[in-house]
Amino acid sequence: MKFDSVLKRLQLPISYNSSIRIVGCVTSVAGCFVTASGCQARVGDVARIISNGEVLECEVIGGGKEFILLPCNGILGIAVGDEVEFMGHEPMLNIYVDPYSKTLDGFGLIDNLRPSSIVTATHLYPRKVPVKERDIVSVKYETGCPILDSVLPIGSGQKVGVFAGSGIGKSTLINMLYKNIRVDIKIVVLVGERSREVVEFEKKHLNNNQFGETIIIASTSEDSPFLKRRSVYIGLAYAKYFSEKGKEVLLVIDSLTRLAHSMREIGISRGEAPVARGYPPSVFSELSLIVEQCGAFNSYGNITAVMSILVDGDDSNEPVSDYLRGILDAHLILDRNIANSGLYPPINILASRSRVVDYTLNENERRIEKNIRKVYSDYNKVRDVIDSGLYQKGTSEKIDALISIKKITEDSLHCWGEQFDDNVREEIDRYVENF
Ligand SMILES: Nc1ncnc2c1ncn2[C@@H]1O[C@H](COP(=O)(O)OP(=O)(O)OP(=O)(O)O)[C@@H](O)[C@H]1O
Ligand SMILES: [Mg+2]
């Protein structure tokens with residue numbers, strides 16, 4: 001029994017250079033981490049605890065006289081005195097030859113089996129991308145949603161955040177983008193999602209490689225914070241691998257907030273001070289490192305990133321949303337009131353921004369985008385009077401025009417599979433000329 005379980009653990013795909021192996025022992029077990037003594041190790045190094053015959057994967061996350069280890073699968077079963085092997089190097093990830101249309105777990109495994117054939121082993125944790133390798137985002141993707149294609153374009157190599165409170169439609173929007181954007185490789189990382197959503201995603205997108213090969217990496221809500229965080233790095237490592245092969249990659253992460261929650265748990269275990277709503281400072285620098293791995297590159301394939309961000313309590317100033325809004329190339333803000341009125345995707349145009357409009361839209365498209373924004377902005381100024389019922393039809397020619405144009409604009413923007421209606425565009429042009 002013990003031997004079987006050792007063998008099973010040895011089939012992990014995170015590969016190890018087993019030449020260096022220094023032995024220590026567990027000195028305490030508390031919270032979600034373990035302390036160990038007995039040797040020198042570096043932060044980020046791989047360690048293994050041999051507990052009751054089982055090999056448990058860990059990483060060194062800090063230390064003083066003793067080392068703090070974070071076991072991948074939680075602390076259950078670990079005892080003081082268990083043997084610890086320090087492997088003397090950081091984790092490596094084995095890249096499968098054929099990961100397409102498959103679901104990998106937080107260890108990077110398909111069906112919990114050792115890869116029968118691998119292409120290469122790569123560092124699990126990425127290095128900073130040099131600025132000289134970057135390019136501007138200039139090629140627009142057709143998403144099939146007029147609100148995105150006309151007002152908030154998504155370009156190849158752009159980093160897009162979908163921000164909303166719970167249950168407004170982040171995952172549904174991300175699913176549609178995943179389906180419609182045409183790239184060579186599509187990688188989705190489902191972090192801390194419900195298992196049901198993973199199955200739904202598989203049903204919708206596996207074997208549907210019409211617009212690119214699909215790879216799913218899923219770490220569901222019951223997984224340890226460590227596995228959730230690791231699943232994102234596995235997604236990034238695959239994205240990087242294919243991008244370096246010249247492939248256009250779409251990387252979807254749902255959700256970045258759950259990743260931040262896992263990082264918060266790890267940071268606090270490490271003894272960091274919780275400074276902003278419980279988030280230690282390392283969470284923000286690690287989020288930047290992850291986001292900055294994506295982008296447009298001048299000598300290899302672009303990595304376009306679409307990530308969902310749960311806005312805690314619908315408070316858009318909560319620290320993670322606020323920070324991510326600042327570092328992403330686009331923020332799409334979903335609005336509960338728009339969703340309640342049945343308009344999907346419920347993107348709030350005035351609150352959302354794409355920072356690549358100047359490079360991805362031509363002169364005419366840019367003019368249309370500005371005109372649509374003007375209609376929404378003008379409507380917003382008189383919204384209270386209209387909503388309160390105080391406005392009498394016929395009192396103002398401008399407001400009468402606005403009311404009818406806003407309605408037809410909304411109807412032709414909030415939909416999928418259509419182009420922005422030419423008649424509506426002409427109406428908007430006339431409104432802007434006259435008022
Ligand atoms: N395009 C759409 N058309 C109709 N209904 C939709 C659409 N998008 C979302 N909804 C409704 O909103 C609900 C929640 O959507 P979704 O799961 O995408 O939200 P979410 O923001 O990802 O939620 P959570 O925060 O729980 O992850 C759906 O179950 C569906 O009822
Ligand atoms: Mg969701």
# chains A, B, ... in the order shown; residues from 1 in each chain; ligands from 1

$ residues_near_ligand --ligand "ligand 1" --cutoff "9 Å" --atoms "only C-alpha atoms and all ligand atoms" --output "PyMOL selection string"
chain A and resi 163-176+193-194+197+254-255+308-311+334+339+342-346+415-416

$ residues_around --residues "Lys381 of chain A" --least-positions-apart "6" --cutoff "12 Å" --atoms "only C-alpha atoms" --output "list in words"
Lys374, Val375, Asp387, Ile399 and Leu402 of chain A

$ write_last_selection --atoms "C-alpha atoms" --output "PDB file, in the first residue's frame"
ATOM      1  CA  LYS A 374     -21.020  60.899 -26.870  1.00  0.00           C
ATOM      2  CA  VAL A 375     -24.548  59.439 -27.059  1.00  0.00           C
ATOM      3  CA  ASP A 387     -35.796  57.914 -15.049  1.00  0.00           C
ATOM      4  CA  ILE A 399     -33.581  64.727 -25.292  1.00  0.00           C
ATOM      5  CA  LEU A 402     -31.355  60.913 -27.310  1.00  0.00           C
TER       6      LEU A 402
END

$ residues_around --residues "Gly81 of chain A" --least-positions-apart "5" --cutoff "9 Å" --atoms "only C-alpha atoms" --output "list in words"
Cys25, Val26, Thr27, Ser28 and Ala36 of chain A

$ atom_distance --atom1 "atom CA of Val432 of chain A" --atom2 "atom CA of Asn371 of chain A"
6.6 Å

$ select_by_dssp --residues "segment 29-222 of chain A" --states "helix (DSSP H, G or I)" --output "ChimeraX atom specification"
/A:131-133,146-151,170-180,195-205

$ residues_around --residues "His414 of chain A" --least-positions-apart "5" --cutoff "12 Å" --atoms "only C-alpha atoms" --output "ChimeraX atom specification"
/A:144-151,173,334,338-339,341-349,406-409,419-421

$ select_by_dssp --residues "segment 129-377 of chain A" --states "strand (DSSP E or B)" --output "PyMOL selection string"
chain A and resi 134+140+155+159-164+185-193+213-220+249-254+276+279+295+297+303-310+330-334+347+353-354

$ write_last_selection --atoms "C-alpha atoms" --output "PDB file, in the first residue's frame"
ATOM      1  CA  ARG A 134       7.712  43.630 -26.666  1.00  0.00           C
ATOM      2  CA  LYS A 140      -7.831  43.748 -33.778  1.00  0.00           C
ATOM      3  CA  GLY A 155      -6.275  43.258 -29.960  1.00  0.00           C
ATOM      4  CA  LYS A 159      -4.368  42.078 -21.537  1.00  0.00           C
ATOM      5  CA  VAL A 160      -8.077  42.382 -20.834  1.00  0.00           C
ATOM      6  CA  GLY A 161      -9.801  42.309 -17.448  1.00  0.00           C
ATOM      7  CA  VAL A 162     -13.520  41.559 -17.081  1.00  0.00           C
ATOM      8  CA  PHE A 163     -14.627  43.183 -13.809  1.00  0.00           C
ATOM      9  CA  ALA A 164     -17.932  42.536 -12.026  1.00  0.00           C
ATOM     10  CA  ILE A 185      -3.864  27.800 -29.218  1.00  0.00           C
ATOM     11  CA  LYS A 186      -6.441  28.558 -26.524  1.00  0.00           C
ATOM     12  CA  ILE A 187      -5.508  27.904 -22.900  1.00  0.00           C
ATOM     13  CA  VAL A 188      -7.993  28.373 -20.091  1.00  0.00           C
ATOM     14  CA  VAL A 189      -7.072  28.264 -16.411  1.00  0.00           C
ATOM     15  CA  LEU A 190     -10.079  27.755 -14.145  1.00  0.00           C
ATOM     16  CA  VAL A 191      -8.885  28.808 -10.689  1.00  0.00           C
ATOM     17  CA  GLY A 192     -11.042  27.982  -7.697  1.00  0.00           C
ATOM     18  CA  GLU A 193     -14.120  27.521  -9.906  1.00  0.00           C
ATOM     19  CA  GLU A 213      -6.582  23.979 -30.148  1.00  0.00           C
ATOM     20  CA  THR A 214      -7.876  23.984 -26.573  1.00  0.00           C
ATOM     21  CA  ILE A 215      -6.072  23.166 -23.326  1.00  0.00           C
ATOM     22  CA  ILE A 216      -7.851  23.412 -19.948  1.00  0.00           C
ATOM     23  CA  ILE A 217      -6.049  23.690 -16.612  1.00  0.00           C
ATOM     24  CA  ALA A 218      -8.454  23.365 -13.725  1.00  0.00           C
ATOM     25  CA  SER A 219      -7.950  23.732 -10.020  1.00  0.00           C
ATOM     26  CA  THR A 220     -11.330  23.733  -8.339  1.00  0.00           C
ATOM     27  CA  VAL A 249      -2.095  32.158 -27.953  1.00  0.00           C
ATOM     28  CA  LEU A 250      -5.235  33.152 -26.072  1.00  0.00           C
ATOM     29  CA  LEU A 251      -4.849  32.705 -22.312  1.00  0.00           C
ATOM     30  CA  VAL A 252      -8.001  32.924 -20.229  1.00  0.00           C
ATOM     31  CA  ILE A 253      -7.899  33.011 -16.422  1.00  0.00           C
ATOM     32  CA  ASP A 254     -11.158  32.710 -14.482  1.00  0.00           C
ATOM     33  CA  ALA A 276      -4.739  46.138   2.155  1.00  0.00           C
ATOM     34  CA  TYR A 279      -3.650  41.297   1.147  1.00  0.00           C
ATOM     35  CA  GLY A 295       1.457  40.717 -24.426  1.00  0.00           C
ATOM     36  CA  PHE A 297       6.059  40.306 -28.843  1.00  0.00           C
ATOM     37  CA  ILE A 303      -0.182  35.981 -25.818  1.00  0.00           C
ATOM     38  CA  THR A 304      -3.583  37.648 -25.489  1.00  0.00           C
ATOM     39  CA  ALA A 305      -4.952  37.448 -21.957  1.00  0.00           C
ATOM     40  CA  VAL A 306      -8.583  37.640 -20.865  1.00  0.00           C
ATOM     41  CA  MET A 307      -9.016  37.488 -17.104  1.00  0.00           C
ATOM     42  CA  SER A 308     -12.042  37.799 -14.855  1.00  0.00           C
ATOM     43  CA  ILE A 309     -11.923  39.847 -11.690  1.00  0.00           C
ATOM     44  CA  LEU A 310     -14.585  39.499  -9.020  1.00  0.00           C
ATOM     45  CA  ALA A 330      -8.376  47.092 -20.988  1.00  0.00           C
ATOM     46  CA  HIS A 331     -11.023  46.911 -18.324  1.00  0.00           C
ATOM     47  CA  LEU A 332     -14.524  45.787 -19.199  1.00  0.00           C
ATOM     48  CA  ILE A 333     -16.860  46.676 -16.353  1.00  0.00           C
ATOM     49  CA  LEU A 334     -20.066  44.645 -16.178  1.00  0.00           C
ATOM     50  CA  ILE A 347     -20.786  46.031 -20.336  1.00  0.00           C
ATOM     51  CA  ARG A 353     -11.780  51.379 -21.413  1.00  0.00           C
ATOM     52  CA  SER A 354      -9.627  49.712 -24.028  1.00  0.00           C
TER      53      SER A 354
END

$ residues_around --residues "segment 282-293 of chain A" --least-positions-apart "3" --cutoff "9 Å" --atoms "only C-alpha atoms" --output "ChimeraX atom specification"
/A:126-129,159,232-233,236,240,256,259-261,263-264,267,272,279,303,305,320,323-324,327-328

$ write_last_selection --atoms "N, CA and C atoms" --output "PDB file, in the first residue's frame"
ATOM      1  N   PRO A 126       8.018  31.929 -14.111  1.00  0.00           N
ATOM      2  CA  PRO A 126       8.606  32.677 -15.220  1.00  0.00           C
ATOM      3  C   PRO A 126       9.582  33.760 -14.773  1.00  0.00           C
ATOM      4  N   ARG A 127      10.408  34.198 -15.715  1.00  0.00           N
ATOM      5  CA  ARG A 127      11.308  35.339 -15.499  1.00  0.00           C
ATOM      6  C   ARG A 127      10.661  36.569 -16.116  1.00  0.00           C
ATOM      7  N   LYS A 128      11.146  37.735 -15.732  1.00  0.00           N
ATOM      8  CA  LYS A 128      10.638  38.989 -16.304  1.00  0.00           C
ATOM      9  C   LYS A 128      10.913  39.010 -17.820  1.00  0.00           C
ATOM     10  N   VAL A 129       9.920  39.496 -18.596  1.00  0.00           N
ATOM     11  CA  VAL A 129      10.112  39.586 -20.049  1.00  0.00           C
ATOM     12  C   VAL A 129      10.835  40.900 -20.360  1.00  0.00           C
ATOM     13  N   LYS A 159      -4.044  42.690 -22.833  1.00  0.00           N
ATOM     14  CA  LYS A 159      -4.368  42.078 -21.537  1.00  0.00           C
ATOM     15  C   LYS A 159      -5.680  42.686 -21.058  1.00  0.00           C
ATOM     16  N   VAL A 232      -2.147  28.474 -12.409  1.00  0.00           N
ATOM     17  CA  VAL A 232      -1.953  29.665 -13.247  1.00  0.00           C
ATOM     18  C   VAL A 232      -0.556  29.645 -13.865  1.00  0.00           C
ATOM     19  N   TYR A 233       0.439  29.251 -13.069  1.00  0.00           N
ATOM     20  CA  TYR A 233       1.801  29.198 -13.606  1.00  0.00           C
ATOM     21  C   TYR A 233       1.925  28.102 -14.674  1.00  0.00           C
ATOM     22  N   LEU A 236       0.537  29.641 -17.783  1.00  0.00           N
ATOM     23  CA  LEU A 236       1.516  30.596 -18.331  1.00  0.00           C
ATOM     24  C   LEU A 236       2.659  29.865 -19.024  1.00  0.00           C
ATOM     25  N   LYS A 240       3.621  30.358 -22.850  1.00  0.00           N
ATOM     26  CA  LYS A 240       4.971  30.794 -23.219  1.00  0.00           C
ATOM     27  C   LYS A 240       5.591  29.795 -24.206  1.00  0.00           C
ATOM     28  N   LEU A 256      -8.951  35.787 -11.665  1.00  0.00           N
ATOM     29  CA  LEU A 256      -7.726  36.331 -11.096  1.00  0.00           C
ATOM     30  C   LEU A 256      -7.909  36.660  -9.601  1.00  0.00           C
ATOM     31  N   LEU A 259      -7.222  33.665  -7.598  1.00  0.00           N
ATOM     32  CA  LEU A 259      -5.768  33.504  -7.522  1.00  0.00           C
ATOM     33  C   LEU A 259      -5.219  34.429  -6.431  1.00  0.00           C
ATOM     34  N   ALA A 260      -5.706  35.676  -6.404  1.00  0.00           N
ATOM     35  CA  ALA A 260      -5.235  36.633  -5.389  1.00  0.00           C
ATOM     36  C   ALA A 260      -5.575  36.142  -3.981  1.00  0.00           C
ATOM     37  N   HIS A 261      -6.751  35.517  -3.834  1.00  0.00           N
ATOM     38  CA  HIS A 261      -7.124  34.969  -2.517  1.00  0.00           C
ATOM     39  C   HIS A 261      -6.123  33.888  -2.089  1.00  0.00           C
ATOM     40  N   MET A 263      -3.013  33.599  -3.104  1.00  0.00           N
ATOM     41  CA  MET A 263      -1.732  34.253  -2.795  1.00  0.00           C
ATOM     42  C   MET A 263      -1.774  34.894  -1.411  1.00  0.00           C
ATOM     43  N   ARG A 264      -2.948  35.446  -1.068  1.00  0.00           N
ATOM     44  CA  ARG A 264      -3.096  36.072   0.251  1.00  0.00           C
ATOM     45  C   ARG A 264      -2.893  35.027   1.344  1.00  0.00           C
ATOM     46  N   GLY A 267       0.802  34.185   1.463  1.00  0.00           N
ATOM     47  CA  GLY A 267       1.578  35.308   2.009  1.00  0.00           C
ATOM     48  C   GLY A 267       1.445  35.398   3.514  1.00  0.00           C
ATOM     49  N   GLU A 272       3.802  37.421   6.272  1.00  0.00           N
ATOM     50  CA  GLU A 272       3.760  38.806   5.767  1.00  0.00           C
ATOM     51  C   GLU A 272       2.630  39.578   6.437  1.00  0.00           C
ATOM     52  N   TYR A 279      -4.621  41.708   2.171  1.00  0.00           N
ATOM     53  CA  TYR A 279      -3.650  41.297   1.147  1.00  0.00           C
ATOM     54  C   TYR A 279      -2.262  41.788   1.513  1.00  0.00           C
ATOM     55  N   ILE A 303       0.697  36.633 -26.810  1.00  0.00           N
ATOM     56  CA  ILE A 303      -0.182  35.981 -25.818  1.00  0.00           C
ATOM     57  C   ILE A 303      -1.240  37.006 -25.425  1.00  0.00           C
ATOM     58  N   ALA A 305      -4.426  37.948 -23.239  1.00  0.00           N
ATOM     59  CA  ALA A 305      -4.952  37.448 -21.957  1.00  0.00           C
ATOM     60  C   ALA A 305      -6.328  38.040 -21.677  1.00  0.00           C
ATOM     61  N   VAL A 320      -7.664  44.703  -4.989  1.00  0.00           N
ATOM     62  CA  VAL A 320      -7.236  43.881  -6.128  1.00  0.00           C
ATOM     63  C   VAL A 320      -7.789  44.459  -7.444  1.00  0.00           C
ATOM     64  N   TYR A 323      -6.005  47.730  -8.304  1.00  0.00           N
ATOM     65  CA  TYR A 323      -4.632  47.522  -8.772  1.00  0.00           C
ATOM     66  C   TYR A 323      -4.638  46.982 -10.205  1.00  0.00           C
ATOM     67  N   LEU A 324      -5.509  45.982 -10.451  1.00  0.00           N
ATOM     68  CA  LEU A 324      -5.509  45.350 -11.777  1.00  0.00           C
ATOM     69  C   LEU A 324      -6.003  46.310 -12.853  1.00  0.00           C
ATOM     70  N   ILE A 327      -3.047  48.048 -14.207  1.00  0.00           N
ATOM     71  CA  ILE A 327      -1.948  47.389 -14.939  1.00  0.00           C
ATOM     72  C   ILE A 327      -2.407  46.662 -16.208  1.00  0.00           C
ATOM     73  N   LEU A 328      -3.727  46.528 -16.408  1.00  0.00           N
ATOM     74  CA  LEU A 328      -4.201  45.832 -17.613  1.00  0.00           C
ATOM     75  C   LEU A 328      -4.371  46.816 -18.775  1.00  0.00           C
TER      76      LEU A 328
END

$ atom_distance --atom1 "atom CA of Glu248 of chain A" --atom2 "atom CA of Thr360 of chain A"
17.0 Å

$ atom_distance --atom1 "atom CA of Ile75 of chain A" --atom2 "atom CA of Cys32 of chain A"
6.1 Å

$ closest_residue --among "A:Arg258, A:Lys398, A:Arg425, A:Arg355" --to "ligand 2" --atoms "only C-alpha atoms and all ligand atoms"
A:Arg258

$ residues_around --residues "Thr35 of chain A" --least-positions-apart "2" --cutoff "8 Å" --atoms "only C-alpha atoms" --output "list in words"
Val26, Thr27, Ser28, Val29, Phe33, Ser37, Glu66, Phe67, Ile68 and Leu69 of chain A

$ closest_residue --among "A:Ala351, A:Val198, A:Val385, A:Ile372" --to "ligand 2" --atoms "only C-alpha atoms and all ligand atoms"
A:Val198

$ closest_residue --among "A:Thr103, A:Ile234, A:Ala401, A:Tyr141" --to "Val199 of chain A" --atoms "only C-alpha atoms"
A:Thr103

$ closest_residue --among "A:Gly31, A:Gly44, A:Gly157, A:Gly24" --to "Ser243 of chain A" --atoms "only C-alpha atoms"
A:Gly157

$ closest_residue --among "A:Asp312, A:Glu427, A:Asp105, A:Glu57" --to "Gly235 of chain A" --atoms "only C-alpha atoms"
A:Asp105

$ closest_residue --among "A:Phe201, A:Phe242, A:Glu363, A:Ser412" --to "ligand 2" --atoms "only C-alpha atoms and all ligand atoms"
A:Phe201

$ closest_atom_pairs --of "segment 149-243 of chain A" --to "segment 87-98 of chain A" --cutoff "9 Å" --atoms "only C-alpha atoms" --output "Markdown table"
| residue | atom | partner | partner_atom | distance |
| --- | --- | --- | --- | --- |
| A:Ile234 | CA | A:Leu93 | CA | 7.5 |
| A:Ala237 | CA | A:Leu93 | CA | 7.9 |
| A:Tyr238 | CA | A:Ile95 | CA | 7.2 |
| A:Tyr241 | CA | A:Ile95 | CA | 8.3 |
